[in-house]
file work.csv (CSV, C-alpha atoms)
chain,number,residue,atom,x,y,z
V,1,MET,CA,-14.9,-8.9,5.1
V,2,GLY,CA,-11.4,-8.2,6.4
V,3,THR,CA,-8.9,-5.7,7.7
V,4,LEU,CA,-5.2,-5.7,7.4
V,5,CYS,CA,-2.5,-3.3,8.6
V,6,ALA,CA,1.0,-4.5,8.0
V,7,ILE,CA,4.5,-3.1,7.8
V,8,TYR,CA,7.3,-4.8,5.8
V,9,PHE,CA,10.9,-3.9,6.0
V,10,SER,CA,14.0,-5.1,4.1
V,11,ASN,CA,17.4,-5.7,5.7
V,12,VAL,CA,15.9,-7.6,8.6
V,13,GLU,CA,19.2,-7.8,10.4
V,14,GLY,CA,19.5,-5.2,13.1
V,15,VAL,CA,16.0,-3.9,12.9
V,16,GLU,CA,13.8,-4.4,15.9
V,17,ASN,CA,10.0,-4.5,15.7
V,18,PRO,CA,8.4,-1.1,15.6
V,19,ASP,CA,6.7,0.1,18.8
V,20,LEU,CA,3.3,-1.1,17.7
V,21,ARG,CA,0.8,-3.8,18.8
V,22,ILE,CA,2.0,-6.8,16.7
V,23,ILE,CA,-0.4,-9.7,16.0
V,24,ASP,CA,1.8,-11.8,13.8
V,25,GLU,CA,5.1,-11.8,11.9
V,26,SER,CA,6.3,-13.4,8.6
V,27,VAL,CA,9.7,-13.4,7.0
V,28,ASN,CA,11.2,-14.3,3.7
V,29,GLU,CA,14.6,-13.8,2.1
V,30,LYS,CA,13.8,-10.2,1.2
V,31,TRP,CA,11.4,-8.8,3.8
V,32,LYS,CA,10.2,-9.1,7.4
V,33,GLY,CA,6.5,-8.3,7.9
V,34,VAL,CA,4.6,-7.5,11.0
V,35,ILE,CA,0.8,-7.6,11.1
V,36,LEU,CA,-0.6,-4.9,13.3
V,37,GLY,CA,-3.9,-4.7,15.2
V,38,GLY,CA,-6.8,-3.4,13.1
V,39,ASP,CA,-6.9,-0.3,15.3
V,40,GLN,CA,-3.5,0.8,14.0
V,41,PHE,CA,-4.8,1.8,10.5
V,42,LEU,CA,-2.9,5.1,10.8
V,43,VAL,CA,0.9,4.8,10.9
V,44,SER,CA,2.9,8.0,10.8
V,45,ASP,CA,5.3,8.8,7.9
V,46,GLU,CA,7.9,9.8,10.5
V,47,MET,CA,7.7,6.3,12.1
V,48,LEU,CA,8.2,4.7,8.8
V,49,ILE,CA,11.2,6.9,7.9
V,50,ASP,CA,12.8,7.3,11.3
V,51,HIS,CA,12.3,3.9,12.8
V,52,LEU,CA,12.3,1.6,9.7
V,53,SER,CA,13.7,3.0,6.5
V,54,LYS,CA,16.8,4.6,8.1
V,55,LYS,CA,17.6,1.2,9.7
V,56,ALA,CA,16.2,-1.2,7.2
V,57,GLY,CA,16.7,0.5,3.9
V,58,ALA,CA,13.1,0.2,2.8
V,59,ALA,CA,9.7,0.0,4.5
V,60,VAL,CA,6.3,-0.7,3.0
V,61,PHE,CA,3.0,-0.1,4.9
V,62,LEU,CA,-0.1,-1.8,3.5
V,63,GLY,CA,-3.5,-1.4,4.9
V,64,PHE,CA,-7.0,-2.3,3.7
V,65,GLN,CA,-10.6,-2.6,5.0
V,66,SER,CA,-12.5,-4.6,2.5
V,67,VAL,CA,-16.1,-3.6,3.4
V,68,VAL,CA,-15.6,-0.1,2.2
V,69,ASP,CA,-12.5,-0.7,0.0
V,70,ALA,CA,-10.3,1.5,2.1
V,71,PHE,CA,-6.7,1.2,1.1
V,72,GLN,CA,-3.3,2.6,2.1
V,73,PHE,CA,0.2,2.1,0.6
V,74,VAL,CA,3.3,3.9,1.8
V,75,LEU,CA,6.8,3.1,0.5
V,76,ALA,CA,9.7,4.7,2.5
V,77,LYS,CA,13.2,4.3,1.2
V,78,ASP,CA,16.5,6.1,1.7
V,79,ASP,CA,15.0,8.2,4.6
V,80,ARG,CA,12.1,9.6,2.6
V,81,ILE,CA,8.5,8.7,1.5
V,82,VAL,CA,8.8,7.6,-2.1
V,83,ARG,CA,5.1,7.0,-2.7
V,84,LYS,CA,2.0,7.4,-0.6
V,85,LEU,CA,-1.5,6.4,-1.7
V,86,VAL,CA,-4.7,6.6,0.5
V,87,TYR,CA,-8.1,5.6,-0.9
V,88,GLY,CA,-11.3,6.0,1.0
V,89,CYS,CA,-9.8,5.8,4.5
V,90,PHE,CA,-10.4,9.0,6.4
V,91,GLN,CA,-12.5,11.4,4.4
V,92,ASN,CA,-14.8,9.9,1.7
V,93,GLU,CA,-15.4,6.3,0.8
V,94,ARG,CA,-14.1,5.2,-2.6
V,95,GLU,CA,-12.2,8.5,-3.3
V,96,TRP,CA,-8.5,9.1,-3.6
V,97,GLU,CA,-7.4,11.2,-0.5
V,98,VAL,CA,-3.7,11.2,-0.9
V,99,VAL,CA,-1.5,10.7,-4.0
V,100,GLU,CA,2.1,11.7,-3.3
V,101,GLY,CA,5.5,10.9,-4.6
V,102,GLU,CA,6.8,8.9,-7.5
V,103,GLU,CA,4.5,6.6,-9.5
V,104,GLN,CA,5.5,3.0,-9.0
V,105,GLU,CA,6.0,0.3,-11.6
V,106,TRP,CA,3.1,-1.8,-10.4
V,107,GLU,CA,0.5,1.0,-10.6
V,108,GLU,CA,-0.4,0.7,-14.2
V,109,VAL,CA,-1.0,-3.0,-14.0
V,110,VAL,CA,-2.9,-2.9,-10.7
V,111,PHE,CA,-5.0,0.2,-11.3
V,112,PHE,CA,-5.5,0.2,-15.1
V,113,GLU,CA,-5.4,-3.3,-16.4
V,114,THR,CA,-8.0,-4.7,-13.9
V,115,GLU,CA,-11.7,-5.3,-14.0
V,116,TYR,CA,-12.2,-3.4,-10.7
V,117,ASP,CA,-12.6,0.1,-12.2
V,118,GLU,CA,-16.2,0.6,-13.0
V,119,ASP,CA,-15.5,4.0,-14.5
V,120,TRP,CA,-12.9,2.6,-17.0
V,121,ASP,CA,-13.7,3.6,-20.5
V,122,GLU,CA,-12.2,1.6,-23.4
V,123,GLU,CA,-11.5,4.8,-25.3
V,124,PHE,CA,-8.7,5.6,-22.9
V,125,ASP,CA,-5.6,3.7,-23.9
V,126,GLU,CA,-3.0,5.0,-21.5
V,127,PHE,CA,-2.7,4.9,-17.7
V,128,VAL,CA,-3.3,8.1,-15.7
V,129,SER,CA,-2.2,8.2,-12.1
V,130,PRO,CA,-5.0,8.6,-9.5
V,131,LEU,CA,-5.9,12.1,-8.6
V,132,VAL,CA,-6.8,13.4,-5.2
V,133,GLY,CA,-10.6,13.9,-5.0
V,134,SER,CA,-11.3,11.4,-7.8
V,135,SER,CA,-13.0,8.1,-7.5
V,136,SER,CA,-11.2,6.7,-10.5
V,137,PRO,CA,-9.5,4.3,-10.8
V,138,GLY,CA,-11.9,2.5,-8.5
V,139,ILE,CA,-10.2,-0.4,-6.7
V,140,ASP,CA,-10.9,-3.6,-4.7
V,141,ALA,CA,-8.7,-2.9,-1.7
V,142,ARG,CA,-8.0,-6.5,-0.7
V,143,ASN,CA,-7.0,-7.5,-4.3
V,144,THR,CA,-5.0,-4.4,-4.7
V,145,CYS,CA,-2.9,-5.2,-1.6
V,146,GLU,CA,-2.5,-8.8,-2.8
V,147,GLU,CA,-1.2,-7.6,-6.1
V,148,ILE,CA,1.2,-5.2,-4.5
V,149,ALA,CA,2.4,-7.9,-2.1
V,150,GLU,CA,3.0,-10.2,-5.1
V,151,PHE,CA,5.0,-7.4,-6.9
V,152,TYR,CA,7.3,-6.8,-4.0
V,153,ASP,CA,7.4,-10.5,-2.9
V,154,LEU,CA,6.1,-9.6,0.6
V,155,PRO,CA,5.8,-12.6,3.0
V,156,GLY,CA,2.6,-14.0,4.3
V,157,TRP,CA,0.5,-13.6,1.2
V,158,ASP,CA,0.8,-17.2,-0.2
call {"tool": "encode", "arguments": {"input": "work.csv", "output": "structure tokens"}}
result
Amino acid sequence: MGTLCAIYFSNVEGVENPDLRIIDESVNEKWKGVILGGDQFLVSDEMLIDHLSKKAGAAVFLGFQSVVDAFQFVLAKDDRIVRKLVYGCFQNEREWEVVEGEEQEWEEVVFFETEYDEDWDEEFDEFVSPLVGSSSPGIDARNTCEEIAEFYDLPGWD
């Protein structure tokens, strides 16, 4: 069981921590990460854009709650939300609630080439992006976040 809410931002020079309750921080040569309190599972798009991506260049919000496989991913870059994915967080468990923006390079590998999707049918041979209201692809929220963190080289996931 576990919960994680974290924001990562590039260009760590000149960016102050967002006005949130921060539990821990981690930094590498590409990103600074701040781990938030579990009660901060909802971070506004405006905060990611206005406070972080305008100053930092890019910001990633990752959130999961492993008991119900709730998952959030938001990538803000160049003053806009590039991709936003919400799975089982606020409306229905194990259902895609928000799928917005440009599909990311990691999605096919993480969502299609894993053993987590119980609905996966071998007759399908190409990746289809998640659809709002669908339960497929099913995910393991913690593992999904770990794979995304590995793709972006986010700190604190070693």
call {"tool": "closest_residue", "arguments": {"input": "work.csv", "among": "V:Val128, V:Leu36, V:Ala76, V:Ala70", "to": "Cys89 (chain V)", "atoms": "only C-alpha atoms"}}
result
V:Ala70
call {"tool": "residues_around", "arguments": {"input": "work.csv", "residues": "Glu102 (chain V)", "least_positions_apart": "3", "cutoff": "12 Å", "atoms": "only C-alpha atoms", "output": "VMD selection string"}}
result
chain V and resid 74 to 77 80 to 85 99 105 to 107 129 to 130
call {"tool": "atom_distance", "arguments": {"input": "work.csv", "atom1": "CA of Cys145 (chain V)", "atom2": "CA of Phe90 (chain V)"}}
result
17.9 Å
call {"tool": "atom_distance", "arguments": {"input": "work.csv", "atom1": "CA of Gly63 (chain V)", "atom2": "CA of Glu147 (chain V)"}}
result
12.8 Å
call {"tool": "atom_distance", "arguments": {"input": "work.csv", "atom1": "CA of Glu29 (chain V)", "atom2": "CA of Ala6 (chain V)"}}
result
17.5 Å
call {"tool": "residues_around", "arguments": {"input": "work.csv", "residues": "Arg94 (chain V)", "least_positions_apart": "2", "cutoff": "8 Å", "atoms": "all atoms listed in the file", "output": "PDB file with C-alpha atoms, in the coordinates of the input"}}
result
ATOM      1  CA  VAL V  68     -15.600  -0.100   2.200  1.00  0.00           C
ATOM      2  CA  ASP V  69     -12.500  -0.700   0.000  1.00  0.00           C
ATOM      3  CA  ALA V  70     -10.300   1.500   2.100  1.00  0.00           C
ATOM      4  CA  TYR V  87      -8.100   5.600  -0.900  1.00  0.00           C
ATOM      5  CA  GLY V  88     -11.300   6.000   1.000  1.00  0.00           C
ATOM      6  CA  ASN V  92     -14.800   9.900   1.700  1.00  0.00           C
ATOM      7  CA  TRP V  96      -8.500   9.100  -3.600  1.00  0.00           C
ATOM      8  CA  SER V 135     -13.000   8.100  -7.500  1.00  0.00           C
ATOM      9  CA  GLY V 138     -11.900   2.500  -8.500  1.00  0.00           C
ATOM     10  CA  ILE V 139     -10.200  -0.400  -6.700  1.00  0.00           C
TER      11      ILE V 139
END
